[in-house]
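K.L.:
Sharing target.cif below, mmCIF, C-alpha atoms:
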data_upload
loop_
_atom_site.group_PDB
_atom_site.id
_atom_site.type_symbol
_atom_site.label_atom_id
_atom_site.label_comp_id
_atom_site.auth_asym_id
_atom_site.auth_seq_id
_atom_site.Cartn_x
_atom_site.Cartn_y
_atom_site.Cartn_z
ATOM 1 C CA MET M 433 37.239 -25.193 -40.998
ATOM 2 C CA THR M 434 35.200 -28.038 -39.637
ATOM 3 C CA ALA M 435 32.264 -28.989 -41.838
ATOM 4 C CA TRP M 436 29.557 -31.521 -41.335
ATOM 5 C CA PRO M 437 31.227 -34.192 -43.441
ATOM 6 C CA LEU M 438 33.371 -34.554 -40.312
ATOM 7 C CA LEU M 439 30.297 -34.609 -38.103
ATOM 8 C CA LEU M 440 27.763 -36.488 -40.180
ATOM 9 C CA ASP M 441 29.061 -37.991 -43.405
ATOM 10 C CA THR M 442 31.530 -40.231 -41.584
ATOM 11 C CA LEU M 443 29.076 -41.426 -38.949
ATOM 12 C CA PRO M 444 27.452 -44.783 -39.647
ATOM 13 C CA GLN M 445 23.966 -44.265 -41.068
ATOM 14 C CA ALA M 446 22.190 -45.707 -38.013
ATOM 15 C CA GLN M 447 23.989 -43.257 -35.700
ATOM 16 C CA ARG M 448 23.312 -40.360 -38.046
ATOM 17 C CA GLU M 449 19.613 -41.259 -38.116
ATOM 18 C CA ARG M 450 19.478 -41.500 -34.296
ATOM 19 C CA LEU M 451 21.096 -38.081 -34.007
ATOM 20 C CA PHE M 452 18.695 -36.523 -36.512
ATOM 21 C CA THR M 453 15.640 -37.792 -34.638
ATOM 22 C CA LEU M 454 16.542 -35.003 -32.184
ATOM 23 C CA ALA M 455 16.981 -32.237 -34.788
ATOM 24 C CA ASP M 456 14.545 -29.451 -35.588
ATOM 25 C CA GLU M 457 14.732 -27.040 -38.501
ATOM 26 C CA ARG M 458 15.355 -23.516 -37.232
ATOM 27 C CA ASP M 459 15.714 -20.256 -39.125
ATOM 28 C CA PHE M 460 17.266 -16.969 -37.973
ATOM 29 C CA PRO M 461 16.731 -13.551 -39.590
ATOM 30 C CA ALA M 462 19.620 -11.377 -40.765
ATOM 31 C CA GLY M 463 21.078 -9.632 -37.726
ATOM 32 C CA GLY M 464 19.516 -12.159 -35.345
ATOM 33 C CA THR M 465 21.400 -13.310 -32.275
ATOM 34 C CA LEU M 466 21.865 -17.052 -32.005
ATOM 35 C CA PHE M 467 23.613 -16.783 -28.641
ATOM 36 C CA ASP M 468 25.646 -14.406 -26.493
ATOM 37 C CA GLU M 469 29.010 -15.084 -24.906
ATOM 38 C CA GLY M 470 28.404 -16.358 -21.363
ATOM 39 C CA GLY M 471 24.817 -17.456 -22.062
ATOM 40 C CA VAL M 472 23.508 -20.960 -21.418
ATOM 41 C CA ALA M 473 24.779 -23.391 -24.073
ATOM 42 C CA ASP M 474 21.823 -25.732 -24.366
ATOM 43 C CA ARG M 475 21.932 -26.537 -28.098
ATOM 44 C CA PHE M 476 24.064 -26.594 -31.227
ATOM 45 C CA TRP M 477 23.375 -26.230 -34.933
ATOM 46 C CA LEU M 478 24.402 -27.443 -38.348
ATOM 47 C CA ILE M 479 24.183 -24.547 -40.779
ATOM 48 C CA ARG M 480 22.174 -25.374 -43.893
ATOM 49 C CA SER M 481 22.408 -21.932 -45.544
ATOM 50 C CA GLY M 482 23.531 -18.434 -44.665
ATOM 51 C CA GLU M 483 26.447 -17.104 -42.641
ATOM 52 C CA VAL M 484 27.027 -16.667 -38.923
ATOM 53 C CA ALA M 485 29.682 -14.428 -37.342
ATOM 54 C CA LEU M 486 31.346 -15.673 -34.162
ATOM 55 C CA ASP M 487 32.476 -12.845 -31.921
ATOM 56 C CA VAL M 488 34.358 -12.333 -28.688
ATOM 57 C CA TYR M 489 33.815 -9.613 -26.114
ATOM 58 C CA VAL M 490 36.766 -7.235 -25.847
ATOM 59 C CA PRO M 491 36.608 -4.766 -22.929
ATOM 60 C CA GLY M 492 36.427 -1.165 -24.110
ATOM 61 C CA ARG M 493 35.561 -2.177 -27.675
ATOM 62 C CA ARG M 494 32.621 -3.641 -29.475
ATOM 63 C CA ALA M 495 32.585 -7.413 -29.970
ATOM 64 C CA GLN M 496 35.265 -8.580 -32.416
ATOM 65 C CA VAL M 497 34.392 -11.128 -35.113
ATOM 66 C CA VAL M 498 36.844 -14.009 -34.902
ATOM 67 C CA GLU M 499 35.367 -16.337 -37.512
ATOM 68 C CA THR M 500 32.533 -16.554 -40.015
ATOM 69 C CA LEU M 501 30.734 -19.858 -40.525
ATOM 70 C CA GLY M 502 28.647 -20.927 -43.491
ATOM 71 C CA PRO M 503 26.792 -23.864 -44.984
ATOM 72 C CA ARG M 504 27.828 -27.332 -43.890
ATOM 73 C CA GLN M 505 29.510 -26.099 -40.717
ATOM 74 C CA GLN M 506 28.736 -26.891 -37.099
ATOM 75 C CA LEU M 507 27.903 -24.008 -34.812
ATOM 76 C CA GLY M 508 28.479 -24.528 -31.109
ATOM 77 C CA TRP M 509 30.639 -26.727 -28.937
ATOM 78 C CA SER M 510 30.144 -25.179 -25.484
ATOM 79 C CA TRP M 511 27.193 -27.535 -24.889
ATOM 80 C CA ILE M 512 29.627 -30.429 -24.366
ATOM 81 C CA PHE M 513 31.316 -29.415 -21.104
ATOM 82 C CA PRO M 514 29.946 -28.019 -17.852
ATOM 83 C CA PRO M 515 29.131 -25.321 -16.961
ATOM 84 C CA TYR M 516 27.544 -25.254 -20.481
ATOM 85 C CA ARG M 517 28.179 -21.561 -21.200
ATOM 86 C CA TRP M 518 28.959 -20.064 -24.603
ATOM 87 C CA HIS M 519 32.610 -19.104 -25.054
ATOM 88 C CA LEU M 520 31.782 -16.788 -27.985
ATOM 89 C CA GLY M 521 28.744 -14.962 -29.325
ATOM 90 C CA ALA M 522 27.008 -15.693 -32.653
ATOM 91 C CA ARG M 523 25.031 -13.431 -35.003
ATOM 92 C CA ALA M 524 23.334 -14.161 -38.324
ATOM 93 C CA LEU M 525 24.906 -12.063 -41.082
ATOM 94 C CA CYS M 526 22.029 -12.857 -43.436
ATOM 95 C CA PRO M 527 19.026 -15.187 -43.182
ATOM 96 C CA VAL M 528 20.288 -18.489 -41.771
ATOM 97 C CA ARG M 529 18.685 -21.934 -41.990
ATOM 98 C CA THR M 530 19.868 -24.615 -39.583
ATOM 99 C CA TRP M 531 19.211 -27.947 -38.011
ATOM 100 C CA GLU M 532 19.079 -27.392 -34.262
ATOM 101 C CA PHE M 533 20.025 -30.099 -31.748
ATOM 102 C CA PRO M 534 19.083 -30.002 -28.036
ATOM 103 C CA ALA M 535 22.266 -30.441 -26.011
ATOM 104 C CA ALA M 536 20.896 -32.414 -23.045
ATOM 105 C CA GLU M 537 19.187 -34.933 -25.319
ATOM 106 C CA VAL M 538 22.303 -35.328 -27.475
ATOM 107 C CA ARG M 539 24.410 -35.901 -24.334
ATOM 108 C CA GLU M 540 21.892 -38.531 -23.170
ATOM 109 C CA LEU M 541 22.068 -40.206 -26.585
ATOM 110 C CA CYS M 542 25.879 -40.206 -26.373
ATOM 111 C CA THR M 543 25.735 -41.831 -22.936
ATOM 112 C CA ALA M 544 23.358 -44.519 -24.206
ATOM 113 C CA ASP M 545 25.347 -45.084 -27.434
ATOM 114 C CA THR M 546 28.988 -44.775 -26.390
ATOM 115 C CA GLU M 547 30.245 -45.410 -29.926
ATOM 116 C CA LEU M 548 28.227 -42.433 -31.173
ATOM 117 C CA GLY M 549 29.380 -40.408 -28.163
ATOM 118 C CA TYR M 550 33.019 -41.172 -28.913
ATOM 119 C CA GLU M 551 32.649 -40.254 -32.582
ATOM 120 C CA LEU M 552 30.875 -36.979 -31.761
ATOM 121 C CA MET M 553 33.515 -36.074 -29.172
ATOM 122 C CA LEU M 554 36.332 -36.684 -31.680
ATOM 123 C CA ARG M 555 34.669 -34.396 -34.198
ATOM 124 C CA CYS M 556 33.850 -31.751 -31.607
ATOM 125 C CA ALA M 557 37.427 -31.821 -30.282
ATOM 126 C CA ALA M 558 38.634 -31.028 -33.817
ATOM 127 C CA LEU M 559 36.052 -28.234 -33.996
ATOM 128 C CA ILE M 560 37.243 -26.779 -30.684
ATOM 129 C CA ALA M 561 40.852 -26.810 -31.878
ATOM 130 C CA ASP M 562 39.847 -25.044 -35.123
ATOM 131 C CA ARG M 563 37.836 -22.366 -33.284
ATOM 132 C CA LEU M 564 40.548 -21.717 -30.718
ATOM 133 C CA GLN M 565 43.160 -21.325 -33.444
ATOM 134 C CA ALA M 566 40.922 -18.982 -35.451
ATOM 135 C CA THR M 567 40.279 -16.895 -32.325
ATOM 136 C CA ARG M 568 43.972 -16.784 -31.466
ATOM 137 C CA LEU M 569 44.944 -15.663 -34.957
ATOM 138 C CA ARG M 570 42.228 -12.995 -35.065
ATOM 139 C CA LEU M 571 43.233 -11.589 -31.680
ATOM 140 C CA LEU M 572 46.905 -11.562 -32.725
ATOM 141 C CA ASP M 573 45.873 -9.704 -35.847
ATOM 142 C CA LEU M 574 43.996 -7.141 -33.763
ATOM 143 C CA TYR M 575 46.489 -6.608 -30.953
ATOM 144 C CA ALA M 576 49.985 -7.647 -32.022
ATOM 145 C CA PRO M 577 52.404 -4.892 -33.078
ATOM 146 C CA HIS M 578 52.454 -4.502 -36.860
ATOM 147 C CA GLY M 579 54.646 -7.118 -38.530
ATOM 148 C CA SER M 580 54.964 -9.378 -35.477
ATOM 149 C CA VAL M 581 52.225 -11.907 -36.253
ATOM 150 C CA PRO M 582 53.659 -15.353 -37.120
ATOM 151 C CA SER M 583 52.899 -16.545 -40.634
#
Turn this file's structure into structure tokens for me.
P.N.:
Amino acid sequence: MTAWPLLLDTLPQAQRERLFTLADERDFPAGGTLFDEGGVADRFWLIRSGEVALDVYVPGRRAQVVETLGPRQQLGWSWIFPPYRWHLGARALCPVRTWEFPAAEVRELCTADTELGYELMLRCAALIADRLQATRLRLLDLYAPHGSVPS
């Protein structure tokens, strides 16, 4: 799982400070919706405390949880690429404290500071790969015939 040491601890301090000038503290109550699949992806978060369930819409069923995120993990990558729509949904499983980053301003910062932009894209690409693999494995677990899931 991708944690913020990959996002923040390895960034040079000056870049980290520039990024955090854009951050706001944001809390979500237990059961709160952070975003819905298909909604506008205009921000992302670093989870400070609590747990968030990522879910995917499955026709004819209720949303299926594909991954649970906790402290020190980044929530959201759909803000990077147009059309800026969430690929999953996210719900707070308990009270959640975060740092929230506005996507458009972070993209502008990345354009102005291409070194920071490159470093953020590398880390977000790793995050995307992790989330896609977790989703794939969860869906295989749900829908593959018993005993046919690769180990």
K.L.:
When the PyMOL selection byres ((chain M and resi 471-488) around 7) is applied to the file above, which residues end up in the set, as a PyMOL selection string?
P.N.:
chain M and resi 467-470+489-490+495-511+516-518+520-536
K.L.:
Write a file of the selected residues as a short mmCIF file (atom, residue, chain, number, x, y, z; two decimals), in the coordinates of the input, keeping C-alpha atoms.
P.N.:
data_model
loop_
_atom_site.label_atom_id
_atom_site.label_comp_id
_atom_site.auth_asym_id
_atom_site.auth_seq_id
_atom_site.Cartn_x
_atom_site.Cartn_y
_atom_site.Cartn_z
CA PHE M 467 23.61 -16.78 -28.64
CA ASP M 468 25.65 -14.41 -26.49
CA GLU M 469 29.01 -15.08 -24.91
CA GLY M 470 28.40 -16.36 -21.36
CA TYR M 489 33.82 -9.61 -26.11
CA VAL M 490 36.77 -7.24 -25.85
CA ALA M 495 32.58 -7.41 -29.97
CA GLN M 496 35.26 -8.58 -32.42
CA VAL M 497 34.39 -11.13 -35.11
CA VAL M 498 36.84 -14.01 -34.90
CA GLU M 499 35.37 -16.34 -37.51
CA THR M 500 32.53 -16.55 -40.02
CA LEU M 501 30.73 -19.86 -40.52
CA GLY M 502 28.65 -20.93 -43.49
CA PRO M 503 26.79 -23.86 -44.98
CA ARG M 504 27.83 -27.33 -43.89
CA GLN M 505 29.51 -26.10 -40.72
CA GLN M 506 28.74 -26.89 -37.10
CA LEU M 507 27.90 -24.01 -34.81
CA GLY M 508 28.48 -24.53 -31.11
CA TRP M 509 30.64 -26.73 -28.94
CA SER M 510 30.14 -25.18 -25.48
CA TRP M 511 27.19 -27.54 -24.89
CA TYR M 516 27.54 -25.25 -20.48
CA ARG M 517 28.18 -21.56 -21.20
CA TRP M 518 28.96 -20.06 -24.60
CA LEU M 520 31.78 -16.79 -27.98
CA GLY M 521 28.74 -14.96 -29.32
CA ALA M 522 27.01 -15.69 -32.65
CA ARG M 523 25.03 -13.43 -35.00
CA ALA M 524 23.33 -14.16 -38.32
CA LEU M 525 24.91 -12.06 -41.08
CA CYS M 526 22.03 -12.86 -43.44
CA PRO M 527 19.03 -15.19 -43.18
CA VAL M 528 20.29 -18.49 -41.77
CA ARG M 529 18.68 -21.93 -41.99
CA THR M 530 19.87 -24.62 -39.58
CA TRP M 531 19.21 -27.95 -38.01
CA GLU M 532 19.08 -27.39 -34.26
CA PHE M 533 20.02 -30.10 -31.75
CA PRO M 534 19.08 -30.00 -28.04
CA ALA M 535 22.27 -30.44 -26.01
CA ALA M 536 20.90 -32.41 -23.04
#
K.L.:
From the list M:Ala566, M:Pro444, M:Leu572, M:Thr453, which residue is nearest Glu547 in chain M when using all atoms listed in the file?
P.N.:
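Selected residue with least distance to Glu547 in chain M: M:Pro444.
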K.L.:
Can you tell me how far CA of Glu457 in chain M sits from CA of Leu564 in chain M, in Å to one decimal?
P.N.:
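Separation of CA of Glu457 in chain M and CA of Leu564 in chain M: 27.5 Å.
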K.L.:
Out of M:Arg494, M:Asp441, M:Ile512, M:Arg448, which residue has the shortest atom-to-atom distance to Cys556 in chain M when counting only C-alpha atoms?
P.N.:
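For Cys556 in chain M, the nearest of the given residues is M:Ile512.
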K.L.:
One number please: CA of Gly464 in chain M to CA of His519 in chain M, in Å, one decimal.
P.N.:
18.0 Å
K.L.:
Could you jot down the CA of Leu454 in chain M to CA of Ala544 in chain M separation for me, Å, one decimal place?
P.N.:
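Interatomic distance here is 14.2 Å.
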